[in-house]
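Worksheet for the structure shown next.
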Amino acid sequence: MYGNVRGSGGGPPGERRAARRRGAVGTVSALGALLLVSGCFSSSGDGDGEGEGKAGARPGQQPKATVPYWVNPEGKAAQQAATYAKNDKPDDARQIDKIAAQPVAEWIGVEDPQGEARGFTEAASKAGREALLVLYNIPHRDCGSYSKGGAADGNAYRAWLDGVLKGIGDRPATVVLEPDALPHIEDECTPEQFHEERYALLTEAVGKLKALPHTKVYLDAGNPHWIKDPGRMAEPLKRAGLDRADGFALNISNFQTTEENRKYGKRLSSMLGGKHFVIDTSRNGNGPAPGGDDPENWCNPPGRALGTAPTTRTGDPLVDAYLWIKRPGESDGTCKGGPKAGDWWPEYALELARNTK
């Protein structure tokens, strides 16, 4: 129903790449969005996320007091778990249920931003939850690596964003805005001639999103092993409109530990007037892969695990939430035997789940 999951992944060359990773851009066909809005699935309200208690059962919603974000009952993990259960593989189904039961971000695609944003936010509202969305379409995206692409130019980006805005409307949403966009300026991966336009587009996006009545916005600020000095990210965040945003996001699609990100985020926050932040914990349960001689140790590294489940109960007043921004089980790119970036990879999903403590 939700269409194809397409590309994001990759990173800059050389040593800078060792700090990178990438995520997934989800797309929904216009027909899928229409079916979703018309109520082709049932929500379970304040369900506990256990579905019917059977491996591969349709996932319900997590308790709202713990995490207010929507669990997509038609997500790739839910579909995979159901397939395993149907094929008499209950153990595999139970493992993938660890992913399917959690709210993960929906990455808005390029073909129908209005329909997708409307579909996800209406489905979330129907379930009494909030949509968690990622916008990842900035021009010159990902420096030509695994997730290369993005809007053709600034005007194309503005038109795409306008579709997203119309789709969200007055429904609650939390938006993670343009992963990589600012760190790629700071690490000099994005050519200098594109910097001013990028700052302008991000500032406009923050302003327009925050003009919606119930939308929160977080700008990506990298991770502790990419731009190692948080002071280098302070000015780019300010230039991109952080003053109007709700905060910044760390560790998107990466594997750095929650504690390292928390310390980094606190240092950065102290330079930004106490701004709050969120941390992507989707795959950091075992921390990062050993560096060794692999320049792409951020890309589908083996031996990783799911991290802390999404929650707004972080125990830290500066950390608004632990989120699964990267969709666990989707490839970082065509490395280490993986499919193209953003494609579902059952074997990797199983490994993440099985390694989870």
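Every chain in the structure tokens takes a letter, A first, then B, and so on in the order presented; its residues are numbered from 1, and the ligands are numbered from 1 following the presented order.
The residue set within 10 Å of A:Asp280, counting only C-alpha atoms and dropping same-chain residues fewer than 3 places from it, reads Asn223, Ala249, Leu250, Asn251, Ile252, Ser253, Asn254, Phe255, Gln256, Thr257, Thr258, Asn261, Arg283, Asn284, Gly307, Thr308, Ala309, Pro310, Ala321, Tyr322, Leu323, Trp324, Ile325 and Lys326 of chain A.
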Which residues are close to stretch 343-347 of chain A, i.e. within 6 Å by only C-alpha atoms, leaving aside same-chain residues fewer than 2 positions away? Reply as an mmCIF file with all heavy atoms, in the first residue's frame.
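The result, stored in result03.cif:
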```cif
data_model
loop_
_atom_site.group_PDB
_atom_site.id
_atom_site.type_symbol
_atom_site.label_atom_id
_atom_site.label_comp_id
_atom_site.auth_asym_id
_atom_site.auth_seq_id
_atom_site.Cartn_x
_atom_site.Cartn_y
_atom_site.Cartn_z
ATOM 1 N N VAL A 5 10.159 1.839 -1.356
ATOM 2 C CA VAL A 5 11.096 2.555 -0.508
ATOM 3 C C VAL A 5 12.322 2.811 -1.348
ATOM 4 O O VAL A 5 12.930 1.906 -1.869
ATOM 5 C CB VAL A 5 11.465 1.727 0.722
ATOM 6 C CG1 VAL A 5 12.519 2.430 1.532
ATOM 7 C CG2 VAL A 5 10.238 1.482 1.567
ATOM 8 N N GLY A 329 16.745 -2.032 8.930
ATOM 9 C CA GLY A 329 16.486 -3.062 7.944
ATOM 10 C C GLY A 329 16.586 -2.564 6.519
ATOM 11 O O GLY A 329 16.576 -3.360 5.580
ATOM 12 N N GLU A 330 16.699 -1.242 6.344
ATOM 13 C CA GLU A 330 16.881 -0.695 5.013
ATOM 14 C C GLU A 330 18.362 -0.398 4.782
ATOM 15 O O GLU A 330 19.065 0.080 5.666
ATOM 16 C CB GLU A 330 16.025 0.555 4.828
ATOM 17 C CG GLU A 330 14.545 0.213 4.850
ATOM 18 C CD GLU A 330 13.642 1.403 4.649
ATOM 19 O OE1 GLU A 330 14.159 2.524 4.494
ATOM 20 O OE2 GLU A 330 12.414 1.215 4.636
ATOM 21 N N SER A 331 18.815 -0.682 3.584
ATOM 22 C CA SER A 331 20.235 -0.628 3.249
ATOM 23 C C SER A 331 20.779 0.790 3.264
ATOM 24 O O SER A 331 20.078 1.756 2.942
ATOM 25 C CB SER A 331 20.446 -1.251 1.869
ATOM 26 O OG SER A 331 21.786 -1.165 1.461
ATOM 27 N N LYS A 340 20.513 -1.399 -3.135
ATOM 28 C CA LYS A 340 20.684 0.049 -3.237
ATOM 29 C C LYS A 340 20.115 0.731 -1.991
ATOM 30 O O LYS A 340 19.255 0.189 -1.295
ATOM 31 C CB LYS A 340 20.056 0.602 -4.506
ATOM 32 C CG LYS A 340 18.557 0.603 -4.559
ATOM 33 C CD LYS A 340 18.104 1.222 -5.880
ATOM 34 C CE LYS A 340 16.597 1.370 -5.958
ATOM 35 N NZ LYS A 340 15.906 0.084 -6.041
ATOM 36 N N ALA A 341 20.609 1.918 -1.744
ATOM 37 C CA ALA A 341 20.258 2.642 -0.524
ATOM 38 C C ALA A 341 18.753 2.798 -0.393
ATOM 39 O O ALA A 341 18.060 3.177 -1.333
ATOM 40 C CB ALA A 341 20.916 4.013 -0.531
ATOM 41 N N ALA A 349 18.152 -6.832 8.484
ATOM 42 C CA ALA A 349 17.146 -6.577 9.519
ATOM 43 C C ALA A 349 17.186 -7.664 10.588
ATOM 44 O O ALA A 349 17.140 -7.377 11.799
ATOM 45 C CB ALA A 349 15.760 -6.496 8.889
ATOM 46 N N LEU A 350 17.286 -8.903 10.161
ATOM 47 C CA LEU A 350 17.353 -10.010 11.118
ATOM 48 C C LEU A 350 18.594 -9.914 11.990
ATOM 49 O O LEU A 350 18.548 -10.175 13.196
ATOM 50 C CB LEU A 350 17.336 -11.349 10.374
ATOM 51 C CG LEU A 350 15.962 -11.906 9.987
ATOM 52 C CD1 LEU A 350 16.122 -13.144 9.118
ATOM 53 C CD2 LEU A 350 15.134 -12.229 11.227
#
```
Fewer than 6 positions away in the same chain doesn't count, so skip those; otherwise give me all residues within 7 Å of stretch 126-143 of chain A, counting only C-alpha atoms, as a PDB file with N, CA, C and O atoms, in the first residue's frame.
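Okay, result-v9.pdb is ready:
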```pdb
ATOM      1  N   GLY A  10      25.059   6.637   1.558  1.00  0.00           N
ATOM      2  CA  GLY A  10      26.310   7.123   1.008  1.00  0.00           C
ATOM      3  C   GLY A  10      26.970   8.151   1.861  1.00  0.00           C
ATOM      4  O   GLY A  10      26.514   8.514   2.909  1.00  0.00           O
ATOM      5  N   GLY A  11      28.082   8.670   1.355  1.00  0.00           N
ATOM      6  CA  GLY A  11      28.814   9.664   2.100  1.00  0.00           C
ATOM      7  C   GLY A  11      29.968  10.188   1.323  1.00  0.00           C
ATOM      8  O   GLY A  11      30.272   9.725   0.236  1.00  0.00           O
ATOM      9  N   PRO A  12      30.640  11.186   1.837  1.00  0.00           N
ATOM     10  CA  PRO A  12      31.742  11.809   1.135  1.00  0.00           C
ATOM     11  C   PRO A  12      32.951  10.904   1.066  1.00  0.00           C
ATOM     12  O   PRO A  12      33.071   9.944   1.813  1.00  0.00           O
ATOM     13  N   SER A  43      -6.704   1.185  13.100  1.00  0.00           N
ATOM     14  CA  SER A  43      -5.715   1.509  14.115  1.00  0.00           C
ATOM     15  C   SER A  43      -6.150   0.892  15.429  1.00  0.00           C
ATOM     16  O   SER A  43      -7.313   0.577  15.634  1.00  0.00           O
ATOM     17  N   SER A  44      -5.187   0.760  16.309  1.00  0.00           N
ATOM     18  CA  SER A  44      -5.515   0.134  17.585  1.00  0.00           C
ATOM     19  C   SER A  44      -5.462   1.128  18.734  1.00  0.00           C
ATOM     20  O   SER A  44      -5.236   0.768  19.867  1.00  0.00           O
ATOM     21  N   GLY A  45      -5.624   2.423  18.394  1.00  0.00           N
ATOM     22  CA  GLY A  45      -5.746   3.430  19.440  1.00  0.00           C
ATOM     23  C   GLY A  45      -4.582   3.427  20.381  1.00  0.00           C
ATOM     24  O   GLY A  45      -3.452   3.595  19.989  1.00  0.00           O
ATOM     25  N   PRO A  68       4.735   9.297  21.391  1.00  0.00           N
ATOM     26  CA  PRO A  68       3.496   9.738  20.748  1.00  0.00           C
ATOM     27  C   PRO A  68       3.440   9.481  19.249  1.00  0.00           C
ATOM     28  O   PRO A  68       2.456   9.828  18.605  1.00  0.00           O
ATOM     29  N   TYR A  69       4.478   8.868  18.680  1.00  0.00           N
ATOM     30  CA  TYR A  69       4.570   8.748  17.226  1.00  0.00           C
ATOM     31  C   TYR A  69       3.856   7.506  16.700  1.00  0.00           C
ATOM     32  O   TYR A  69       3.747   6.487  17.379  1.00  0.00           O
ATOM     33  N   TRP A  70       3.415   7.607  15.464  1.00  0.00           N
ATOM     34  CA  TRP A  70       2.597   6.594  14.806  1.00  0.00           C
ATOM     35  C   TRP A  70       3.411   5.382  14.388  1.00  0.00           C
ATOM     36  O   TRP A  70       4.486   5.501  13.790  1.00  0.00           O
ATOM     37  N   ALA A 105      10.508   6.707  11.283  1.00  0.00           N
ATOM     38  CA  ALA A 105      10.242   7.885  10.457  1.00  0.00           C
ATOM     39  C   ALA A 105       9.810   7.488   9.052  1.00  0.00           C
ATOM     40  O   ALA A 105      10.259   6.480   8.506  1.00  0.00           O
ATOM     41  N   GLU A 106       8.958   8.301   8.489  1.00  0.00           N
ATOM     42  CA  GLU A 106       8.551   8.160   7.090  1.00  0.00           C
ATOM     43  C   GLU A 106       9.282   9.238   6.279  1.00  0.00           C
ATOM     44  O   GLU A 106       9.153  10.423   6.558  1.00  0.00           O
ATOM     45  N   TRP A 107      10.054   8.787   5.291  1.00  0.00           N
ATOM     46  CA  TRP A 107      10.832   9.708   4.458  1.00  0.00           C
ATOM     47  C   TRP A 107       9.999  10.074   3.235  1.00  0.00           C
ATOM     48  O   TRP A 107       9.657   9.222   2.421  1.00  0.00           O
ATOM     49  N   ILE A 108       9.690  11.359   3.090  1.00  0.00           N
ATOM     50  CA  ILE A 108       8.807  11.813   2.018  1.00  0.00           C
ATOM     51  C   ILE A 108       9.548  11.777   0.681  1.00  0.00           C
ATOM     52  O   ILE A 108      10.648  12.313   0.550  1.00  0.00           O
ATOM     53  N   PHE A 120       0.265  10.113   5.566  1.00  0.00           N
ATOM     54  CA  PHE A 120       0.892   9.747   6.835  1.00  0.00           C
ATOM     55  C   PHE A 120       0.298  10.510   8.008  1.00  0.00           C
ATOM     56  O   PHE A 120       0.040   9.943   9.073  1.00  0.00           O
ATOM     57  N   GLY A 149      21.156  12.986  -5.559  1.00  0.00           N
ATOM     58  CA  GLY A 149      19.857  13.376  -6.093  1.00  0.00           C
ATOM     59  C   GLY A 149      19.405  14.670  -5.451  1.00  0.00           C
ATOM     60  O   GLY A 149      20.194  15.581  -5.236  1.00  0.00           O
ATOM     61  N   GLY A 150      18.131  14.723  -5.141  1.00  0.00           N
ATOM     62  CA  GLY A 150      17.555  15.935  -4.608  1.00  0.00           C
ATOM     63  C   GLY A 150      16.895  16.751  -5.704  1.00  0.00           C
ATOM     64  O   GLY A 150      16.952  16.412  -6.892  1.00  0.00           O
ATOM     65  N   ALA A 151      16.261  17.829  -5.301  1.00  0.00           N
ATOM     66  CA  ALA A 151      15.569  18.697  -6.238  1.00  0.00           C
ATOM     67  C   ALA A 151      16.537  19.284  -7.257  1.00  0.00           C
ATOM     68  O   ALA A 151      17.717  19.496  -6.968  1.00  0.00           O
ATOM     69  N   ALA A 152      16.027  19.571  -8.438  1.00  0.00           N
ATOM     70  CA  ALA A 152      16.878  20.072  -9.512  1.00  0.00           C
ATOM     71  C   ALA A 152      17.469  21.434  -9.196  1.00  0.00           C
ATOM     72  O   ALA A 152      18.609  21.733  -9.587  1.00  0.00           O
ATOM     73  N   ASP A 153      16.732  22.265  -8.497  1.00  0.00           N
ATOM     74  CA  ASP A 153      17.225  23.594  -8.134  1.00  0.00           C
ATOM     75  C   ASP A 153      16.372  24.130  -6.986  1.00  0.00           C
ATOM     76  O   ASP A 153      15.468  23.455  -6.489  1.00  0.00           O
ATOM     77  N   GLY A 154      16.669  25.363  -6.593  1.00  0.00           N
ATOM     78  CA  GLY A 154      15.961  25.941  -5.461  1.00  0.00           C
ATOM     79  C   GLY A 154      14.474  26.066  -5.674  1.00  0.00           C
ATOM     80  O   GLY A 154      13.677  25.803  -4.763  1.00  0.00           O
ATOM     81  N   TYR A 157      12.809  22.774  -5.303  1.00  0.00           N
ATOM     82  CA  TYR A 157      12.728  22.399  -3.892  1.00  0.00           C
ATOM     83  C   TYR A 157      11.572  23.123  -3.215  1.00  0.00           C
ATOM     84  O   TYR A 157      10.810  22.515  -2.441  1.00  0.00           O
ATOM     85  N   PRO A 172      -0.786  17.137  13.604  1.00  0.00           N
ATOM     86  CA  PRO A 172       0.492  17.101  14.320  1.00  0.00           C
ATOM     87  C   PRO A 172       1.568  16.336  13.543  1.00  0.00           C
ATOM     88  O   PRO A 172       1.303  15.260  12.990  1.00  0.00           O
ATOM     89  N   ALA A 173       2.757  16.891  13.504  1.00  0.00           N
ATOM     90  CA  ALA A 173       3.886  16.230  12.845  1.00  0.00           C
ATOM     91  C   ALA A 173       5.189  16.723  13.452  1.00  0.00           C
ATOM     92  O   ALA A 173       5.301  17.881  13.858  1.00  0.00           O
ATOM     93  N   THR A 174       6.151  15.828  13.510  1.00  0.00           N
ATOM     94  CA  THR A 174       7.528  16.199  13.838  1.00  0.00           C
ATOM     95  C   THR A 174       8.358  15.941  12.586  1.00  0.00           C
ATOM     96  O   THR A 174       8.319  14.843  12.028  1.00  0.00           O
ATOM     97  N   VAL A 175       9.094  16.946  12.147  1.00  0.00           N
ATOM     98  CA  VAL A 175       9.844  16.879  10.901  1.00  0.00           C
ATOM     99  C   VAL A 175      11.336  16.976  11.188  1.00  0.00           C
ATOM    100  O   VAL A 175      11.790  17.915  11.844  1.00  0.00           O
ATOM    101  N   VAL A 176      12.082  15.985  10.704  1.00  0.00           N
ATOM    102  CA  VAL A 176      13.542  16.051  10.712  1.00  0.00           C
ATOM    103  C   VAL A 176      13.944  16.575   9.340  1.00  0.00           C
ATOM    104  O   VAL A 176      13.650  15.953   8.310  1.00  0.00           O
ATOM    105  N   LEU A 177      14.595  17.729   9.323  1.00  0.00           N
ATOM    106  CA  LEU A 177      14.807  18.470   8.088  1.00  0.00           C
ATOM    107  C   LEU A 177      16.194  18.247   7.498  1.00  0.00           C
ATOM    108  O   LEU A 177      17.202  18.571   8.114  1.00  0.00           O
ATOM    109  N   GLU A 178      16.222  17.662   6.332  1.00  0.00           N
ATOM    110  CA  GLU A 178      17.384  17.534   5.462  1.00  0.00           C
ATOM    111  C   GLU A 178      18.642  16.976   6.139  1.00  0.00           C
ATOM    112  O   GLU A 178      19.629  17.683   6.358  1.00  0.00           O
ATOM    113  N   PRO A 179      18.622  15.671   6.429  1.00  0.00           N
ATOM    114  CA  PRO A 179      19.844  15.014   6.909  1.00  0.00           C
ATOM    115  C   PRO A 179      21.023  15.313   5.978  1.00  0.00           C
ATOM    116  O   PRO A 179      20.867  15.370   4.757  1.00  0.00           O
ATOM    117  N   ASP A 180      22.170  15.522   6.573  1.00  0.00           N
ATOM    118  CA  ASP A 180      23.447  15.755   5.883  1.00  0.00           C
ATOM    119  C   ASP A 180      23.647  17.175   5.385  1.00  0.00           C
ATOM    120  O   ASP A 180      24.780  17.567   5.105  1.00  0.00           O
ATOM    121  N   CYS A 189      32.247  19.000   1.657  1.00  0.00           N
ATOM    122  CA  CYS A 189      31.838  18.068   0.614  1.00  0.00           C
ATOM    123  C   CYS A 189      30.956  18.762  -0.418  1.00  0.00           C
ATOM    124  O   CYS A 189      31.115  18.558  -1.620  1.00  0.00           O
ATOM    125  N   THR A 190      30.019  19.569   0.058  1.00  0.00           N
ATOM    126  CA  THR A 190      29.171  20.334  -0.847  1.00  0.00           C
ATOM    127  C   THR A 190      29.942  21.542  -1.361  1.00  0.00           C
ATOM    128  O   THR A 190      30.452  22.330  -0.554  1.00  0.00           O
TER     129      THR A 190
END
```
Could you pull out the helix (DSSP H, G or I) residues of stretch 129-342 of chain A from DSSP and send them as a PyMOL selection string? chain A and resi 142-144+154-168+181-186+192-211+231-239+258-270
For A:Lys54: contacts at 9 Å, only C-alpha atoms, fewer than 4 positions along chain excluded, given as a PyMOL selection string: chain A and resi 50+58+85+90+94
Taking the DSSP assignment computed from this structure's backbone, write out as an NGL selection string all residues of stretch 161-331 of chain A that belong to strand (DSSP E). :A and (173-177 or 215-220 or 247-250 or 276-280 or 319-323)
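Summary of the local environment: counting only C-alpha atoms, residues at most 8 Å from A:Pro230, other than itself and those fewer than 5 positions away along its chain, are Pro224, Tyr264, Gly265, Arg267 and Leu268 of chain A.
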Could you write those residues out with C-alpha atoms, as an mmCIF file, in the first residue's frame?
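Written out: result-v4.cif:
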```
data_model
loop_
_atom_site.group_PDB
_atom_site.id
_atom_site.type_symbol
_atom_site.label_atom_id
_atom_site.label_comp_id
_atom_site.auth_asym_id
_atom_site.auth_seq_id
_atom_site.Cartn_x
_atom_site.Cartn_y
_atom_site.Cartn_z
ATOM 1 C CA PRO A 224 30.179 13.121 17.231
ATOM 2 C CA TYR A 264 28.027 16.088 22.134
ATOM 3 C CA GLY A 265 24.507 17.475 21.997
ATOM 4 C CA ARG A 267 28.015 20.867 24.327
ATOM 5 C CA LEU A 268 26.403 22.063 21.129
#
```
Leaving out A:Asn155 and any residue of its chain fewer than 4 positions from it, which residues lie within 12 Å of it when counting only C-alpha atoms, given as a list in words? Ile138, Pro139, Ala151, Ala159, Trp160, Leu161, Asp162, Glu197, Arg198, Ala200, Leu201 and Glu204 of chain A
Residue nearest A:Leu202 among A:Ile168, A:Leu182, A:Ile227, A:Cys335 (counting only C-alpha atoms):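 Result for the nearest residue to A:Leu202: A:Leu182.
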From A:Glu188, A:Ala205, A:Ala211, A:Pro183, residue lying nearest A:Ala234 [only C-alpha atoms]: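 Among the listed residues, the smallest separation from A:Ala234 belongs to A:Pro183.
In terms of minimum interatomic distance to A:Asn87, A:Ala55 ranks closest within A:Ala55, A:Ala117, A:Cys299, A:Ala101, counting only C-alpha atoms.
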For A:Glu351, find every residue with an atom within 8 Å (counting only C-alpha atoms), except residues of its own chain fewer than 4 positions away, and show them as a PyMOL selection string. chain A and resi 303-305+347+355
Correct to one decimal, the distance atom CA of A:Val164-atom CA of A:Pro59 is 26.6 Å
Atom CA of A:Thr314 and atom CA of A:Arg262 are how many Å apart? 10.3 Å
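Distance annotation: of A:Lys166, A:Gly285, A:Ala124, A:Asp187, the residue with the minimal separation from A:Lys208 is A:Lys166; atom set is only C-alpha atoms.
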